[in-house]
Amino acid sequence: MIIFKEFIVALVSVLILATSSFLWKLAAHRRRFQDLPKPPHSLLFGHLALFFSIARQLPGKIPVAITIHRIQAQFNLPDLWYLDLWPLADPFLITGDLAIANQFLNDYPRHPMVLKQALQHLVGGTRGLVSPDLSEWHSSRTMIRTAFSITNVQRFVPTMARYSMQLREALLKRAKIGNPFPMIEPLEKWGADLTFHFLLGEDTAVQRGGWGAEANTQVQALVAQADHPFSVNPWTLRQRKKARNLCQDSVRQMISKALKDALQRNQPAGHDQFVSLIDSLATKYREEYPGRTEWDADTLVQHVDTLATMFLAADVSSMYIFCHIAQDPAVAAELRKEHNTVFPGNMQATLETICQTPSKIKELPYTTAVIKESMRLRPPGLSGTTAPNGHTVNYKGTEHSLDGLFLITNLFRLQYNDDYVSSPLAFDPSRWLPHPSAELADSWRPFQRGQHSCMGENMMMPGLVTALLLTVRDIDIALAYDDGDICLSPELGGMAYMEGNFAAKPAKGLPVMVTKVAH
């Protein structure tokens, strides 16, 4: 009995100490950033109650960037402000200011939470492009840079065009059927075909129902994991982890086998031929270790994690381009005019011209402007970094410490900021022609800049150009949302509002009707 009483006293003492420690940390934390601009702040809850209150007013899968943007607009906050979500996360310092965004994105590494909770969680590893070790991360970027060079990507353009012709065929079949469908379905397969072939160097035939279709199913299942509703139910979490592990194992085994096959092939491409990423990595390894036909375990794991990261990029966030074209017939007409002028003749003649002269797709400035304007209005979302202790940021003459803060660049706000773009809510491709203003060009960050720049830009931009070139001339697209569907403000996309945090897409997968254009 005495032992039991002593145990209860000890337990109560521990609980009192723990509670006292937490309350002391809470009070110290809440008072720490009193000088920063912020929305109404609670000593007890910080901004947790406010954040979840605003989030509940929006559809469930809407990106966090939109919730943050809504808070900034509602309380008329400047372009550097503080959001206190502690203890759920480090406090956020959020910016939509160009100069501060340059500092946050160019000078500092990704925040550990971005790696652990987003990328590593989906990739199933901690090496290569998702390594917290900056030297390994930079090394991995250096190793893949050759494959993403403008020259190598240009050699891949004919392959992009052939996959875009398959997309065209799929859309024309839909036009014959005459029923509405989610545009995400054919576009997802097209994007996977491009990505898988670029990475692996072979046609996995996603659009044709080949083995790549199953691989794409696994990749999309991993991406979907990022947007599961929050849960503390152990059974739910266990089932999600089990499903995630199955998908990761499948994708990683496929990548590992492809890497091993590439090292044993030893069939160097000609000097003017496209080189896939996996073959580029194998070539570098042979140069460093002549005679080897097997990867060492450490390098293999690093490359598997890097390639798994890039497989997730097969997800198509840029499908908003077709949404904007569907909403503006004048844009579609201008696109067709440019395509007919630069590539006269039918689609087969256009395909042959692209295959013979891939660089000719650079002669489509209006098409490129449509892509850039669409990405300006619907950027990927947030970019989180962290600064070393002792660093500060200057905003309007005041220095603010960056110690212990989650530095957030809200690309949605940055690219809508009327300090850098006039009439920011308007879809206006002409703002990019003949040349954009310096402020507009510098604030356009869908692929980021500096050390966090996405090398996939070199592949995605010509890929989208070929997709538009080989579809829009013969196909009309109209949105097919139902009258009862949720409709947000035009700024947020109306019925086609953004869904998803890992890769935002239009709500309901962008339901559309397509018809064949009568010539």
# chains A, B, ... in the order shown; residues from 1 in each chain; ligands from 1
>>> closest_atom_pairs(of="region 413-473 of chain A", to="region 107-110 of chain A", cutoff="12 Å", atoms="only C-alpha atoms", output="Markdown table")
| residue | atom | partner | partner_atom | distance |
| --- | --- | --- | --- | --- |
| A:Arg449 | CA | A:Asp107 | CA | 10.6 |
| A:Gly450 | CA | A:Asp107 | CA | 8.2 |
| A:Gln451 | CA | A:Asp107 | CA | 7.8 |
| A:His452 | CA | A:Pro109 | CA | 8.1 |
| A:Ser453 | CA | A:Pro109 | CA | 11.9 |
>>> write_last_selection(atoms="all heavy atoms", output="mmCIF file, in the first residue's frame")
data_model
loop_
_atom_site.group_PDB
_atom_site.id
_atom_site.type_symbol
_atom_site.label_atom_id
_atom_site.label_comp_id
_atom_site.auth_asym_id
_atom_site.auth_seq_id
_atom_site.Cartn_x
_atom_site.Cartn_y
_atom_site.Cartn_z
ATOM 1 N N ARG A 449 13.657 29.049 -57.881
ATOM 2 C CA ARG A 449 14.906 29.611 -58.399
ATOM 3 C C ARG A 449 16.054 29.200 -57.489
ATOM 4 O O ARG A 449 15.871 28.658 -56.417
ATOM 5 C CB ARG A 449 14.837 31.145 -58.419
ATOM 6 C CG ARG A 449 13.752 31.718 -59.305
ATOM 7 C CD ARG A 449 14.146 31.735 -60.774
ATOM 8 N NE ARG A 449 13.023 32.168 -61.597
ATOM 9 C CZ ARG A 449 12.732 33.429 -61.835
ATOM 10 N NH1 ARG A 449 13.488 34.389 -61.302
ATOM 11 N NH2 ARG A 449 11.701 33.768 -62.576
ATOM 12 N N GLY A 450 17.270 29.522 -57.923
ATOM 13 C CA GLY A 450 18.445 29.309 -57.091
ATOM 14 C C GLY A 450 18.689 27.845 -56.794
ATOM 15 O O GLY A 450 18.451 26.970 -57.630
ATOM 16 N N GLN A 451 19.143 27.565 -55.571
ATOM 17 C CA GLN A 451 19.530 26.200 -55.222
ATOM 18 C C GLN A 451 18.343 25.248 -55.162
ATOM 19 O O GLN A 451 18.516 24.023 -55.217
ATOM 20 C CB GLN A 451 20.271 26.180 -53.889
ATOM 21 C CG GLN A 451 19.449 26.620 -52.692
ATOM 22 C CD GLN A 451 20.189 26.405 -51.380
ATOM 23 O OE1 GLN A 451 20.809 25.378 -51.180
ATOM 24 N NE2 GLN A 451 20.149 27.399 -50.512
ATOM 25 N N HIS A 452 17.127 25.783 -55.083
ATOM 26 C CA HIS A 452 15.939 24.931 -55.045
ATOM 27 C C HIS A 452 15.221 24.878 -56.391
ATOM 28 O O HIS A 452 14.098 24.383 -56.468
ATOM 29 C CB HIS A 452 14.965 25.429 -53.965
ATOM 30 C CG HIS A 452 15.543 25.425 -52.596
ATOM 31 N ND1 HIS A 452 15.806 24.264 -51.900
ATOM 32 C CD2 HIS A 452 15.951 26.437 -51.789
ATOM 33 C CE1 HIS A 452 16.331 24.562 -50.725
ATOM 34 N NE2 HIS A 452 16.427 25.877 -50.631
ATOM 35 N N SER A 453 15.841 25.370 -57.441
ATOM 36 C CA SER A 453 15.201 25.372 -58.750
ATOM 37 C C SER A 453 14.937 23.944 -59.211
ATOM 38 O O SER A 453 15.714 23.027 -58.937
ATOM 39 C CB SER A 453 16.078 26.097 -59.772
ATOM 40 O OG SER A 453 17.309 25.416 -59.932
#
>>> residues_around(residues="Leu277 (chain A)", least_positions_apart="2", cutoff="6 Å", atoms="only C-alpha atoms", output="compact mmCIF listing (two decimals) with N, CA and C atoms, in the first residue's frame")
# COMPACT_ATOMS: atom_id res chain seq x y z
N ALA A 147 21.40 15.12 -67.72
CA ALA A 147 20.20 14.60 -68.38
C ALA A 147 19.18 15.70 -68.62
N LEU A 199 13.13 9.17 -67.59
CA LEU A 199 13.93 8.62 -66.51
C LEU A 199 14.54 7.27 -66.85
N ASP A 279 20.50 6.08 -67.74
CA ASP A 279 21.70 5.78 -68.52
C ASP A 279 22.80 6.80 -68.24
N SER A 280 22.41 8.04 -67.98
CA SER A 280 23.39 9.07 -67.63
C SER A 280 24.08 8.72 -66.32
>>> residues_around(residues="region 117-131 of chain A", least_positions_apart="3", cutoff="6 Å", atoms="only C-alpha atoms", output="list of chain:residue names")
A:Met113, A:Val114, A:Trp137, A:Ser140, A:Gln302, A:Asp305, A:Thr306, A:Ala308, A:Thr309
>>> write_last_selection(atoms="all heavy atoms", output="PDB file, in the first residue's frame")
ATOM      1  N   MET A 113      11.064  19.687 -41.772  1.00  0.00           N
ATOM      2  CA  MET A 113       9.692  19.188 -41.818  1.00  0.00           C
ATOM      3  C   MET A 113       9.265  18.911 -43.263  1.00  0.00           C
ATOM      4  O   MET A 113       8.495  17.981 -43.530  1.00  0.00           O
ATOM      5  CB  MET A 113       8.744  20.202 -41.169  1.00  0.00           C
ATOM      6  CG  MET A 113       7.309  19.741 -41.084  1.00  0.00           C
ATOM      7  SD  MET A 113       6.273  20.948 -40.218  1.00  0.00           S
ATOM      8  CE  MET A 113       4.663  20.219 -40.448  1.00  0.00           C
ATOM      9  N   VAL A 114       9.751  19.728 -44.225  1.00  0.00           N
ATOM     10  CA  VAL A 114       9.429  19.515 -45.636  1.00  0.00           C
ATOM     11  C   VAL A 114       9.966  18.164 -46.082  1.00  0.00           C
ATOM     12  O   VAL A 114       9.304  17.407 -46.800  1.00  0.00           O
ATOM     13  CB  VAL A 114      10.010  20.641 -46.508  1.00  0.00           C
ATOM     14  CG1 VAL A 114       9.778  20.350 -47.987  1.00  0.00           C
ATOM     15  CG2 VAL A 114       9.406  21.981 -46.120  1.00  0.00           C
ATOM     16  N   TRP A 137      22.890  16.145 -51.061  1.00  0.00           N
ATOM     17  CA  TRP A 137      21.812  16.715 -51.872  1.00  0.00           C
ATOM     18  C   TRP A 137      22.374  17.441 -53.083  1.00  0.00           C
ATOM     19  O   TRP A 137      21.912  17.246 -54.214  1.00  0.00           O
ATOM     20  CB  TRP A 137      20.986  17.658 -50.995  1.00  0.00           C
ATOM     21  CG  TRP A 137      19.854  18.333 -51.699  1.00  0.00           C
ATOM     22  CD1 TRP A 137      18.701  17.763 -52.129  1.00  0.00           C
ATOM     23  CD2 TRP A 137      19.777  19.721 -52.060  1.00  0.00           C
ATOM     24  NE1 TRP A 137      17.896  18.704 -52.731  1.00  0.00           N
ATOM     25  CE2 TRP A 137      18.537  19.906 -52.699  1.00  0.00           C
ATOM     26  CE3 TRP A 137      20.635  20.804 -51.888  1.00  0.00           C
ATOM     27  CZ2 TRP A 137      18.136  21.148 -53.177  1.00  0.00           C
ATOM     28  CZ3 TRP A 137      20.219  22.047 -52.356  1.00  0.00           C
ATOM     29  CH2 TRP A 137      18.995  22.205 -52.994  1.00  0.00           C
ATOM     30  N   SER A 140      23.733  14.942 -55.611  1.00  0.00           N
ATOM     31  CA  SER A 140      22.670  14.295 -56.383  1.00  0.00           C
ATOM     32  C   SER A 140      22.156  15.207 -57.485  1.00  0.00           C
ATOM     33  O   SER A 140      21.902  14.762 -58.615  1.00  0.00           O
ATOM     34  CB  SER A 140      21.526  13.877 -55.460  1.00  0.00           C
ATOM     35  OG  SER A 140      21.950  12.912 -54.541  1.00  0.00           O
ATOM     36  N   GLN A 302      21.219   5.653 -52.887  1.00  0.00           N
ATOM     37  CA  GLN A 302      21.129   7.083 -53.176  1.00  0.00           C
ATOM     38  C   GLN A 302      20.383   7.332 -54.484  1.00  0.00           C
ATOM     39  O   GLN A 302      19.506   8.201 -54.555  1.00  0.00           O
ATOM     40  CB  GLN A 302      22.541   7.677 -53.257  1.00  0.00           C
ATOM     41  CG  GLN A 302      22.563   9.179 -53.472  1.00  0.00           C
ATOM     42  CD  GLN A 302      23.980   9.738 -53.450  1.00  0.00           C
ATOM     43  OE1 GLN A 302      24.879   9.123 -52.893  1.00  0.00           O
ATOM     44  NE2 GLN A 302      24.176  10.891 -54.053  1.00  0.00           N
ATOM     45  N   ASP A 305      16.540   6.498 -54.224  1.00  0.00           N
ATOM     46  CA  ASP A 305      15.784   7.573 -53.575  1.00  0.00           C
ATOM     47  C   ASP A 305      15.617   8.781 -54.494  1.00  0.00           C
ATOM     48  O   ASP A 305      14.553   9.417 -54.527  1.00  0.00           O
ATOM     49  CB  ASP A 305      16.483   7.993 -52.278  1.00  0.00           C
ATOM     50  CG  ASP A 305      16.276   6.976 -51.155  1.00  0.00           C
ATOM     51  OD1 ASP A 305      15.635   5.942 -51.404  1.00  0.00           O
ATOM     52  OD2 ASP A 305      16.761   7.214 -50.038  1.00  0.00           O
ATOM     53  N   THR A 306      16.671   9.108 -55.244  1.00  0.00           N
ATOM     54  CA  THR A 306      16.584  10.234 -56.184  1.00  0.00           C
ATOM     55  C   THR A 306      15.550   9.962 -57.267  1.00  0.00           C
ATOM     56  O   THR A 306      14.701  10.810 -57.570  1.00  0.00           O
ATOM     57  CB  THR A 306      17.959  10.503 -56.829  1.00  0.00           C
ATOM     58  OG1 THR A 306      18.840  11.038 -55.841  1.00  0.00           O
ATOM     59  CG2 THR A 306      17.850  11.486 -57.973  1.00  0.00           C
ATOM     60  N   ALA A 308      13.072   7.772 -57.208  1.00  0.00           N
ATOM     61  CA  ALA A 308      11.727   7.684 -56.624  1.00  0.00           C
ATOM     62  C   ALA A 308      11.135   9.076 -56.439  1.00  0.00           C
ATOM     63  O   ALA A 308       9.940   9.300 -56.678  1.00  0.00           O
ATOM     64  CB  ALA A 308      11.779   6.938 -55.291  1.00  0.00           C
ATOM     65  N   THR A 309      11.972  10.027 -56.030  1.00  0.00           N
ATOM     66  CA  THR A 309      11.523  11.417 -55.905  1.00  0.00           C
ATOM     67  C   THR A 309      11.036  11.952 -57.241  1.00  0.00           C
ATOM     68  O   THR A 309      10.000  12.616 -57.331  1.00  0.00           O
ATOM     69  CB  THR A 309      12.674  12.296 -55.384  1.00  0.00           C
ATOM     70  OG1 THR A 309      13.184  11.760 -54.169  1.00  0.00           O
ATOM     71  CG2 THR A 309      12.199  13.722 -55.140  1.00  0.00           C
TER      72      THR A 309
END
>>> atom_distance(atom1="CA of Ala426 (chain A)", atom2="CA of Met375 (chain A)")
12.7 Å
>>> atom_distance(atom1="CA of Thr368 (chain A)", atom2="CA of Pro429 (chain A)")
8.7 Å
>>> select_by_dssp(residues="region 227-434 of chain A", states="strand (DSSP E)", output="PyMOL selection string")
chain A and resi 382-385+392-395+398-401+406-410
